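Novice: Data: start.cif, mmCIF, C-alpha atoms and all ligand atoms.
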data_upload
loop_
_atom_site.label_atom_id
_atom_site.label_comp_id
_atom_site.auth_asym_id
_atom_site.auth_seq_id
_atom_site.Cartn_x
_atom_site.Cartn_y
_atom_site.Cartn_z
CA MET A 1 -6.26 25.75 -15.87
CA ASP A 2 -6.17 24.50 -12.28
CA GLU A 3 -4.34 21.45 -10.93
CA PHE A 4 -7.21 19.06 -11.64
CA ASP A 5 -8.09 20.42 -15.12
CA LEU A 6 -4.40 20.10 -15.95
CA ILE A 7 -4.28 16.42 -14.92
CA GLU A 8 -7.50 15.73 -16.83
CA HIS A 9 -6.32 17.58 -19.95
CA TYR A 10 -2.75 16.32 -20.26
CA PHE A 11 -2.54 13.01 -18.47
CA LYS A 12 -5.86 11.23 -18.20
CA ARG A 13 -6.33 8.73 -21.02
CA PRO A 14 -7.86 5.30 -21.51
CA THR A 15 -5.88 2.44 -19.96
CA ARG A 16 -4.88 -0.61 -22.00
CA HIS A 17 -4.89 -3.37 -19.38
CA ALA A 18 -7.96 -5.00 -17.90
CA GLU A 19 -5.87 -5.35 -14.72
CA VAL A 20 -6.15 -1.56 -14.23
CA VAL A 21 -9.36 -1.60 -12.21
CA LEU A 22 -9.15 2.10 -11.34
CA GLY A 23 -6.74 4.62 -12.87
CA VAL A 24 -6.19 8.39 -12.57
CA GLY A 25 -8.69 10.28 -10.43
CA ASP A 26 -9.08 8.57 -7.05
CA ASP A 27 -6.98 8.53 -3.87
CA ALA A 28 -5.13 5.48 -5.19
CA ALA A 29 -5.12 3.41 -8.33
CA LEU A 30 -6.33 -0.21 -8.08
CA LEU A 31 -4.51 -2.98 -9.90
CA ALA A 32 -5.74 -6.58 -10.17
CA LEU A 33 -2.62 -8.70 -10.52
CA PRO A 34 -3.30 -11.98 -12.32
CA GLY A 35 -3.87 -14.77 -9.82
CA ALA A 36 -3.73 -12.48 -6.78
CA GLN A 37 -6.48 -12.68 -4.20
CA ARG A 38 -6.26 -9.02 -3.29
CA ARG A 39 -5.96 -5.91 -5.36
CA LEU A 40 -3.00 -3.57 -5.15
CA ALA A 41 -3.77 0.05 -4.17
CA VAL A 42 -1.04 2.44 -5.38
CA THR A 43 -0.67 6.10 -4.45
CA THR A 44 2.09 8.72 -4.55
CA ASP A 45 2.60 12.20 -3.09
CA THR A 46 5.42 14.75 -3.07
CA LEU A 47 6.46 17.17 -0.33
CA ILE A 48 8.67 20.13 -1.27
CA GLU A 49 10.53 22.39 1.13
CA GLY A 50 9.03 25.87 1.02
CA VAL A 51 5.75 24.57 -0.47
CA HIS A 52 4.56 21.78 1.82
CA PHE A 53 6.78 22.47 4.82
CA ALA A 54 8.82 25.45 6.02
CA PRO A 55 12.58 25.61 5.46
CA GLY A 56 14.15 24.41 8.69
CA ALA A 57 11.33 22.00 9.60
CA SER A 58 12.59 19.12 11.72
CA GLY A 59 13.72 16.01 9.87
CA PHE A 60 11.43 13.91 12.07
CA ASP A 61 8.34 15.92 11.15
CA VAL A 62 9.18 15.92 7.43
CA GLY A 63 9.79 12.15 7.40
CA TYR A 64 6.61 11.45 9.34
CA LYS A 65 4.42 13.71 7.23
CA ALA A 66 5.81 12.60 3.86
CA LEU A 67 4.65 9.09 4.70
CA ALA A 68 1.45 10.19 6.48
CA VAL A 69 0.00 11.95 3.42
CA ASN A 70 0.43 8.72 1.42
CA VAL A 71 -0.93 6.47 4.16
CA SER A 72 -3.93 8.77 4.30
CA ASP A 73 -4.68 7.98 0.64
CA LEU A 74 -4.49 4.26 1.40
CA ALA A 75 -6.88 4.87 4.32
CA ALA A 76 -9.32 6.64 2.00
CA MET A 77 -9.41 3.51 -0.18
CA GLY A 78 -9.95 1.18 2.80
CA ALA A 79 -6.62 -0.46 1.92
CA ARG A 80 -4.32 -2.43 4.22
CA PRO A 81 -0.75 -1.00 4.19
CA LEU A 82 1.89 -3.18 2.51
CA ALA A 83 5.05 -1.36 1.38
CA PHE A 84 6.44 1.97 0.18
CA LEU A 85 9.18 3.50 -1.98
CA LEU A 86 11.11 6.62 -0.96
CA ASN A 87 12.52 9.10 -3.48
CA LEU A 88 14.67 11.62 -1.65
CA SER A 89 16.23 14.72 -3.20
CA MET A 90 18.33 16.90 -0.87
CA PRO A 91 21.00 19.59 -1.26
CA LYS A 92 23.42 17.91 1.18
CA ALA A 93 23.59 14.74 3.29
CA ASP A 94 23.26 16.08 6.85
CA PRO A 95 23.49 13.11 9.28
CA VAL A 96 21.50 14.91 12.00
CA TRP A 97 18.65 15.74 9.61
CA LEU A 98 18.75 12.29 8.02
CA THR A 99 18.59 10.56 11.40
CA GLY A 100 15.55 12.61 12.40
CA PHE A 101 13.94 12.08 8.99
CA ARG A 102 14.51 8.33 9.18
CA ASP A 103 13.11 8.18 12.73
CA GLY A 104 9.94 10.08 11.77
CA LEU A 105 9.46 8.01 8.65
CA PHE A 106 9.87 4.66 10.40
CA ALA A 107 7.82 5.75 13.45
CA LEU A 108 4.74 5.92 11.23
CA ALA A 109 5.80 2.97 9.05
CA ASP A 110 5.96 0.81 12.19
CA THR A 111 2.64 2.14 13.51
CA VAL A 112 0.72 1.24 10.35
CA GLY A 113 2.82 -1.73 9.20
CA LEU A 114 4.60 -0.61 6.01
CA ASP A 115 7.91 -1.98 4.69
CA LEU A 116 10.31 0.32 2.84
CA VAL A 117 11.19 -1.64 -0.31
CA GLY A 118 13.04 0.83 -2.54
CA GLY A 119 13.42 4.39 -3.78
CA ASP A 120 16.02 6.76 -5.16
CA THR A 121 18.45 9.21 -3.54
CA VAL A 122 19.68 12.27 -5.46
CA ARG A 123 21.21 15.71 -4.84
CA GLY A 124 18.83 18.61 -5.47
CA PRO A 125 16.26 20.84 -3.76
CA LEU A 126 14.79 19.16 -0.65
CA THR A 127 11.90 17.12 -2.07
CA ILE A 128 10.40 13.86 -0.85
CA THR A 129 8.25 11.64 -3.03
CA ILE A 130 6.75 8.50 -1.54
CA THR A 131 4.80 5.83 -3.37
CA ALA A 132 2.73 3.68 -1.04
CA LEU A 133 1.23 0.29 -1.79
CA GLY A 134 -1.66 -1.35 0.00
CA THR A 135 -4.02 -4.23 -0.64
CA VAL A 136 -7.78 -4.51 -0.66
CA ALA A 137 -10.19 -7.37 -1.45
CA PRO A 138 -11.81 -7.25 -4.93
CA GLY A 139 -14.85 -5.01 -5.00
CA GLU A 140 -14.28 -3.70 -1.47
CA ALA A 141 -12.20 -0.55 -2.08
CA LEU A 142 -13.76 2.75 -1.05
CA THR A 143 -13.77 5.04 -4.08
CA ARG A 144 -14.88 8.61 -4.77
CA SER A 145 -17.62 7.58 -7.18
CA GLY A 146 -20.09 5.62 -5.01
CA ALA A 147 -22.12 8.42 -3.34
CA ARG A 148 -25.86 8.27 -4.02
CA ILE A 149 -28.77 10.66 -3.41
CA GLY A 150 -29.95 10.36 0.19
CA ASP A 151 -26.59 9.20 1.60
CA ARG A 152 -25.44 10.97 4.76
CA ILE A 153 -22.05 12.72 4.69
CA TYR A 154 -19.60 12.16 7.53
CA VAL A 155 -16.14 13.31 8.56
CA SER A 156 -13.82 11.69 11.07
CA GLY A 157 -12.24 13.69 13.90
CA PHE A 158 -12.06 17.48 13.99
CA LEU A 159 -11.61 19.76 10.99
CA GLY A 160 -9.37 22.81 10.79
CA GLU A 161 -6.84 21.74 13.40
CA ALA A 162 -3.95 21.89 10.91
CA ALA A 163 -5.16 25.30 9.69
CA VAL A 164 -5.26 26.69 13.22
CA GLY A 165 -1.77 25.26 13.76
CA PHE A 166 -0.55 26.95 10.60
CA LEU A 167 -2.08 30.31 11.60
CA ALA A 168 -0.54 30.01 15.07
CA ARG A 169 2.91 29.12 13.69
CA SER A 170 2.86 32.02 11.25
CA GLY A 171 1.93 34.44 14.06
CA ARG A 172 -1.54 35.27 12.72
CA LEU A 173 -3.28 33.69 15.68
CA SER A 174 -2.18 33.66 19.29
CA LEU A 175 -3.08 30.63 21.40
CA PRO A 176 -2.31 29.48 24.95
CA PRO A 177 0.90 27.35 24.84
CA GLU A 178 -0.82 23.99 25.51
CA PHE A 179 -3.35 24.66 22.71
CA GLN A 180 -0.53 25.73 20.41
CA ALA A 181 1.28 22.40 20.97
CA SER A 182 -1.82 20.34 20.17
CA VAL A 183 -2.63 22.08 16.87
CA LEU A 184 1.01 22.10 15.77
CA ALA A 185 1.08 18.35 16.36
CA ARG A 186 -1.99 18.00 14.14
CA LEU A 187 -0.27 20.06 11.43
CA ASP A 188 3.11 18.30 11.62
CA ARG A 189 2.11 14.78 12.56
CA PRO A 190 -1.40 14.04 11.26
CA LEU A 191 -2.90 10.67 12.18
CA PRO A 192 -3.93 8.91 8.95
CA ARG A 193 -7.22 7.07 9.57
CA ILE A 194 -5.97 3.72 8.35
CA GLU A 195 -7.94 1.50 10.78
CA GLU A 196 -11.05 3.60 10.29
CA GLY A 197 -10.80 3.30 6.51
CA GLN A 198 -10.67 -0.49 6.63
CA ALA A 199 -13.57 -0.58 9.12
CA LEU A 200 -15.67 1.52 6.70
CA ILE A 201 -15.58 -1.22 4.05
CA GLY A 202 -19.15 -2.38 3.51
CA ILE A 203 -20.48 0.73 5.27
CA ALA A 204 -19.28 3.79 3.31
CA SER A 205 -20.49 4.23 -0.26
CA ALA A 206 -17.68 6.70 -1.12
CA ALA A 207 -14.65 8.11 0.65
CA ILE A 208 -11.79 10.59 0.28
CA ASP A 209 -9.14 11.92 2.63
CA ILE A 210 -9.18 15.64 3.39
CA SER A 211 -5.88 16.94 2.06
CA ASP A 212 -7.05 20.08 0.23
CA GLY A 213 -9.96 21.11 2.49
CA LEU A 214 -13.45 19.71 3.04
CA ILE A 215 -15.11 21.77 0.29
CA ALA A 216 -12.56 20.77 -2.37
CA ASP A 217 -12.32 17.12 -1.35
CA LEU A 218 -16.05 16.56 -0.87
CA GLY A 219 -16.31 18.28 -4.25
CA HIS A 220 -14.23 15.44 -5.75
CA ILE A 221 -16.71 12.88 -4.37
CA LEU A 222 -19.62 14.87 -5.80
CA GLN A 223 -18.00 15.17 -9.21
CA ALA A 224 -16.95 11.52 -9.37
CA SER A 225 -20.39 10.37 -8.18
CA GLY A 226 -22.44 12.81 -10.28
CA VAL A 227 -24.39 14.16 -7.31
CA GLY A 228 -24.75 17.32 -5.20
CA ALA A 229 -24.61 17.88 -1.44
CA GLU A 230 -25.95 20.07 1.34
CA LEU A 231 -23.76 20.82 4.33
CA ASP A 232 -24.87 22.25 7.66
CA LEU A 233 -22.01 24.21 9.23
CA ARG A 234 -23.59 23.95 12.68
CA ARG A 235 -22.71 20.22 12.51
CA LEU A 236 -19.06 20.80 11.59
CA PRO A 237 -16.86 19.02 14.16
CA LEU A 238 -14.63 21.73 15.65
CA SER A 239 -12.33 21.19 18.63
CA ASP A 240 -12.32 23.33 21.78
CA VAL A 241 -9.15 24.97 20.46
CA TYR A 242 -10.90 25.86 17.20
CA ASP A 243 -13.98 27.06 19.08
CA GLY A 244 -11.73 29.36 21.09
CA ALA A 245 -10.29 30.82 17.89
CA PHE A 246 -13.60 30.90 16.02
CA ALA A 247 -14.33 34.60 16.62
CA THR A 248 -11.02 35.41 14.89
CA VAL A 249 -10.91 32.80 12.11
CA GLY A 250 -14.55 31.82 11.37
CA TYR A 251 -15.44 28.68 9.43
CA ASP A 252 -13.01 28.93 6.53
CA PRO A 253 -9.91 27.27 8.00
CA ALA A 254 -12.03 24.16 8.66
CA LEU A 255 -13.51 24.26 5.16
CA VAL A 256 -10.76 25.24 2.74
CA PHE A 257 -7.28 24.91 4.25
CA GLY A 258 -6.84 21.14 4.23
CA ASP A 259 -3.90 19.20 5.69
CA ASP A 260 -6.21 17.57 8.26
CA TYR A 261 -6.02 14.07 6.72
CA GLU A 262 -9.36 13.14 8.20
CA LEU A 263 -11.72 11.02 6.12
CA CYS A 264 -14.84 12.40 4.44
CA PHE A 265 -17.25 9.62 3.48
CA THR A 266 -20.85 8.94 2.58
CA VAL A 267 -23.14 6.32 4.10
CA PRO A 268 -26.49 5.09 2.73
CA PRO A 269 -29.25 5.58 5.36
CA GLU A 270 -29.73 1.84 5.84
CA ARG A 271 -26.07 1.44 6.81
CA VAL A 272 -26.03 4.26 9.39
CA PRO A 273 -26.71 1.70 12.19
CA ALA A 274 -23.65 -0.29 11.04
CA LEU A 275 -21.58 2.90 11.30
CA ALA A 276 -22.91 3.45 14.82
CA GLY A 277 -21.83 -0.14 15.53
CA ILE A 278 -18.16 0.42 14.64
CA ALA A 279 -17.92 4.03 15.91
CA PRO A 280 -17.14 3.13 19.57
CA ARG A 281 -13.90 1.49 18.37
CA PHE A 282 -12.51 4.80 17.17
CA ALA A 283 -11.63 7.74 19.43
CA CYS A 284 -11.80 10.27 16.57
CA GLY A 285 -15.60 9.93 16.19
CA PHE A 286 -17.61 10.12 12.96
CA HIS A 287 -19.68 13.27 12.51
CA ASP A 288 -22.74 13.64 10.27
CA ILE A 289 -22.38 16.99 8.48
CA GLY A 290 -24.98 16.80 5.73
CA ALA A 291 -26.58 14.87 2.91
CA ILE A 292 -26.06 13.91 -0.71
CA VAL A 293 -28.76 15.47 -2.92
CA ALA A 294 -29.71 15.46 -6.60
CA GLY A 295 -27.91 17.81 -8.96
CA THR A 296 -24.32 19.03 -8.88
CA GLY A 297 -22.27 21.16 -6.53
CA LEU A 298 -22.31 21.92 -2.87
CA VAL A 299 -24.75 24.08 -0.90
CA VAL A 300 -23.41 25.19 2.48
CA ARG A 301 -25.76 26.55 5.15
CA ASP A 302 -24.86 28.08 8.50
CA GLY A 303 -28.27 28.37 10.14
CA GLU A 304 -28.96 31.91 8.96
CA GLY A 305 -28.63 31.14 5.27
CA LEU A 306 -26.22 30.25 2.52
CA TYR A 307 -22.55 30.41 3.36
CA VAL A 308 -19.89 31.15 0.73
CA PRO A 309 -16.26 30.42 1.70
CA ALA A 310 -13.57 32.88 0.65
CA ARG A 311 -11.91 30.30 -1.62
CA ALA A 312 -12.50 26.72 -2.74
CA GLY A 313 -9.49 24.86 -1.32
CA TYR A 314 -5.81 24.27 -1.81
CA ASN A 315 -4.88 24.00 -5.49
CA HIS A 316 -1.30 24.10 -6.80
CA PHE A 317 -2.19 25.82 -10.10
CA ASP A 318 -5.15 27.98 -9.11
CA GLY A 319 -5.70 30.88 -11.54
P1 LIG B 1 -4.65 13.09 -3.59
O1 LIG B 1 -4.91 14.47 -3.03
O2 LIG B 1 -5.64 12.07 -3.14
O3 LIG B 1 -3.22 12.64 -3.42
P2 LIG B 1 -4.40 14.43 -6.06
O4 LIG B 1 -5.36 15.54 -5.85
O5 LIG B 1 -2.95 14.68 -5.83
O6 LIG B 1 -4.88 13.19 -5.15
O7 LIG B 1 -4.56 13.85 -7.51
C1 LIG B 1 -5.84 13.58 -8.03
C2 LIG B 1 -5.76 12.38 -8.96
O8 LIG B 1 -4.97 12.68 -10.10
C3 LIG B 1 -5.13 11.15 -8.32
O9 LIG B 1 -5.78 10.00 -8.81
C4 LIG B 1 -3.69 11.20 -8.82
O10 LIG B 1 -3.09 9.93 -8.85
C5 LIG B 1 -3.86 11.76 -10.20
N1 LIG B 1 -2.69 12.52 -10.70
C6 LIG B 1 -2.13 13.63 -10.14
N2 LIG B 1 -1.11 14.08 -10.89
C7 LIG B 1 -1.01 13.24 -11.95
C8 LIG B 1 -0.15 13.18 -13.07
N3 LIG B 1 0.81 14.09 -13.27
N4 LIG B 1 -0.34 12.16 -13.95
C9 LIG B 1 -1.31 11.23 -13.76
N5 LIG B 1 -2.17 11.25 -12.73
C10 LIG B 1 -2.01 12.24 -11.82
MG MG B 2 -6.37 11.76 -1.24
#
Could you render the structure from this file as structure tokens?

Specialist:
Amino acid sequence: MDEFDLIEHYFKRPTRHAEVVLGVGDDAALLALPGAQRRLAVTTDTLIEGVHFAPGASGFDVGYKALAVNVSDLAAMGARPLAFLLNLSMPKADPVWLTGFRDGLFALADTVGLDLVGGDTVRGPLTITITALGTVAPGEALTRSGARIGDRIYVSGFLGEAAVGFLARSGRLSLPPEFQASVLARLDRPLPRIEEGQALIGIASAAIDISDGLIADLGHILQASGVGAELDLRRLPLSDVYDGAFATVGYDPALVFGDDYELCFTVPPERVPALAGIAPRFACGFHDIGAIVAGTGLVVRDGEGLYVPARAGYNHFDG
């Protein structure tokens, strides 16, 4: 049973309140509070030392990334950031680490406009759980279930930057120093696409953030929407750094590693001009990588023929 089967089997069940507009299964839950003009988007993610970041990682990077992965889920819903809660478990209270952690956390909180409103602090293995809250107008949230046959599939920014950073850090890939710095920054301090997500309201039919790899995360859109997709690898947005490493690493880091926190979204053909209209506002760019088709599952082509990645994507309980 993998991570997602496990959630489905043990935890997914009907909800009792009409105010629960969207429950388990998307990037955030959506709650309609009585009398409120906007809906509350709620998401949570945990980072564990030795699983999500290396022992000895800087406090700044850990604080920044723990919040970034949550903000990225708000971005994928098209939500406006509101507030967050911080649950911190650590073996000892090291002032140097805590100062760095706090600075990284609040650097991103200030960039996107999130207030820290609570949490819990306990002694234990270094683990950070953040719950982030955002708001979105009724009916406007971007969900995983809205993709339709004929929609184009897009991703923001470049894919595989975090993967290349990870390979470089672990010594499996050697890069010129200036390249190394740029991909490590993408791994340690991803830029959640919060402005982009809100701009995609009314344009995207479905959206998800890429935390587990394009194949896995697009797969969630396909499953939730009941459709299939065809991807053309020649259209995959890869940076110059990735291109330089391509002969060594191939396509897979961009497809199955994850940790990029870019958005993957679908756009009905008639709204492609609207996407072109907002695109100049965003430096990351939006790249058309394929189309939604009838059926189920994902067909990946690389010009010569079908392409099969070595594995599906990051999964905490795979096999
Ligand atoms: P994301 O990568 O967007 O953070 P996940 O892959 O972690 O989402 O989780 C998939 C969905 O399952 C989300 O809607 C999440 O809230 C939900 N989920 C994950 N774990 C649990 C759990 N233990 N109980 C209930 N829902 C869960
Ligand atoms: Mg997500």

Novice: Any idea what the distance is between CA of Glu178 (chain A) and CA of Val241 (chain A)?

Specialist: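 Separating CA of Glu178 (chain A) from CA of Val241 (chain A) is a distance of 9.8 Å.
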
Novice: Can you tell me which residues come within 9 Å of ligand LIG 1 (chain B) when counting all atoms listed in the file, ideally as number ranges by chain?

Specialist: A: 3-4, 6-8, 10-12, 22-29, 42-46, 69-70, 72-73, 76, 208-212, 217, 220, 315

Novice: Looking at A:Ser174, A:Gln37, A:Thr121, A:Ser225, which one is nearest to Ser145 (chain A), with distances taken over only C-alpha atoms?

Specialist: A:Ser225

Novice: Find the residue from A:Arg193, A:Arg169, A:Arg281, A:Arg152 that sits nearest to Gly228 (chain A); use only C-alpha atoms when measuring.

Specialist: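 Under the stated criterion, the closest residue is A:Arg152.
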
Novice: So, counting all atoms listed in the file, which residue among A:Val300, A:Leu82, A:Met77, A:Val117 is closest to Asp252 (chain A)?

Specialist: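 Checking each candidate against Asp252 (chain A), we get A:Val300 as the closest.
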
Novice: Set the distance at 9 Å and use only C-alpha atoms: which residues neighbour Val62 (chain A) once local chain neighbours fewer than 5 positions away are removed? I'd like the list as a PyMOL selection string.

Specialist: chain A and resi 47+53+57+67+100-101+104-105+128+188-189

Novice: Using only C-alpha atoms, give me every residue within 12 Å of (-2.6, 26.1, 22.3) in file coordinates, as number ranges by chain.

Specialist: A: 161, 164-169, 173-186, 239-245

Novice: Which region 82-143 of chain A residues have any atom within 9 Å of an atom of region 194-206 of chain A, and for each, what is the nearest pair of atoms with distance in Å to one decimal, counting all atoms listed in the file, rows sorted by chain and number, as a tab-separated table?

Specialist:
residue	atom	partner	partner_atom	distance
A:Val112	CA	A:Ile194	CA	7.4
A:Val136	CA	A:Gln198	CA	8.8
A:Glu140	CA	A:Ile201	CA	6.2
A:Ala141	CA	A:Ile201	CA	7.0
A:Leu142	CA	A:Ala206	CA	5.6
A:Thr143	CA	A:Ala206	CA	5.2

Novice: Measuring atom to atom with all atoms listed in the file, identify which of A:Gly150, A:Gly35, A:Pro192, A:Pro268 is nearest to ligand MG 2 (chain B).

Specialist: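 Of the candidates, the smallest distance to ligand MG 2 (chain B) is held by A:Pro192.
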
Novice: Would you mind telling me which residue in A:Pro55, A:Pro125, A:Pro309, A:Gly118 lies nearest to Ile215 (chain A) when using only C-alpha atoms?

Specialist: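 So, comparing all the options, the nearest one is A:Pro309.
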
Novice: Using all atoms listed in the file, find the one residue out of A:Ala107, A:Leu126, A:Ala254, A:Ala75 that sits nearest to ligand MG 2 (chain B).

Specialist: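 Using all atoms listed in the file, ligand MG 2 (chain B) sits closest to A:Ala75.
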
Novice: In the coordinate frame of the file, compute which residues have an atom within 6 Å of (-26.0, 12.6, -5.7) when using only C-alpha atoms, and state them as a list of chain:residue names.

Specialist: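 These residues have at least one counted atom within 6 Å: A:Arg148, A:Ile149, A:Gly226, A:Val227, A:Gly228, A:Ile292, A:Val293, A:Ala294.
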
Novice: Can you tell me, as JSON, the centre and edge lengths (Å, one decimal) of the axis-aligned box enclosing all of region 43-59 of chain A's listed atoms after padding each side by 3 Å?

Specialist:
{"center_x": 6.7, "center_y": 16.0, "center_z": 3.6, "size_x": 20.8, "size_y": 25.8, "size_z": 22.3}

Novice: So the first atom is CA of Asp2 (chain A) and the second is CA of Leu231 (chain A); what is the distance between them in Å, to one decimal place?

Specialist: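 If I compute the distance from CA of Asp2 (chain A) to CA of Leu231 (chain A), I get 24.5 Å.
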
Novice: Please report the interatomic distance between CA of Phe246 (chain A) and CA of Asp260 (chain A) in Å with one decimal.

Specialist: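 It comes out at 17.1 Å.
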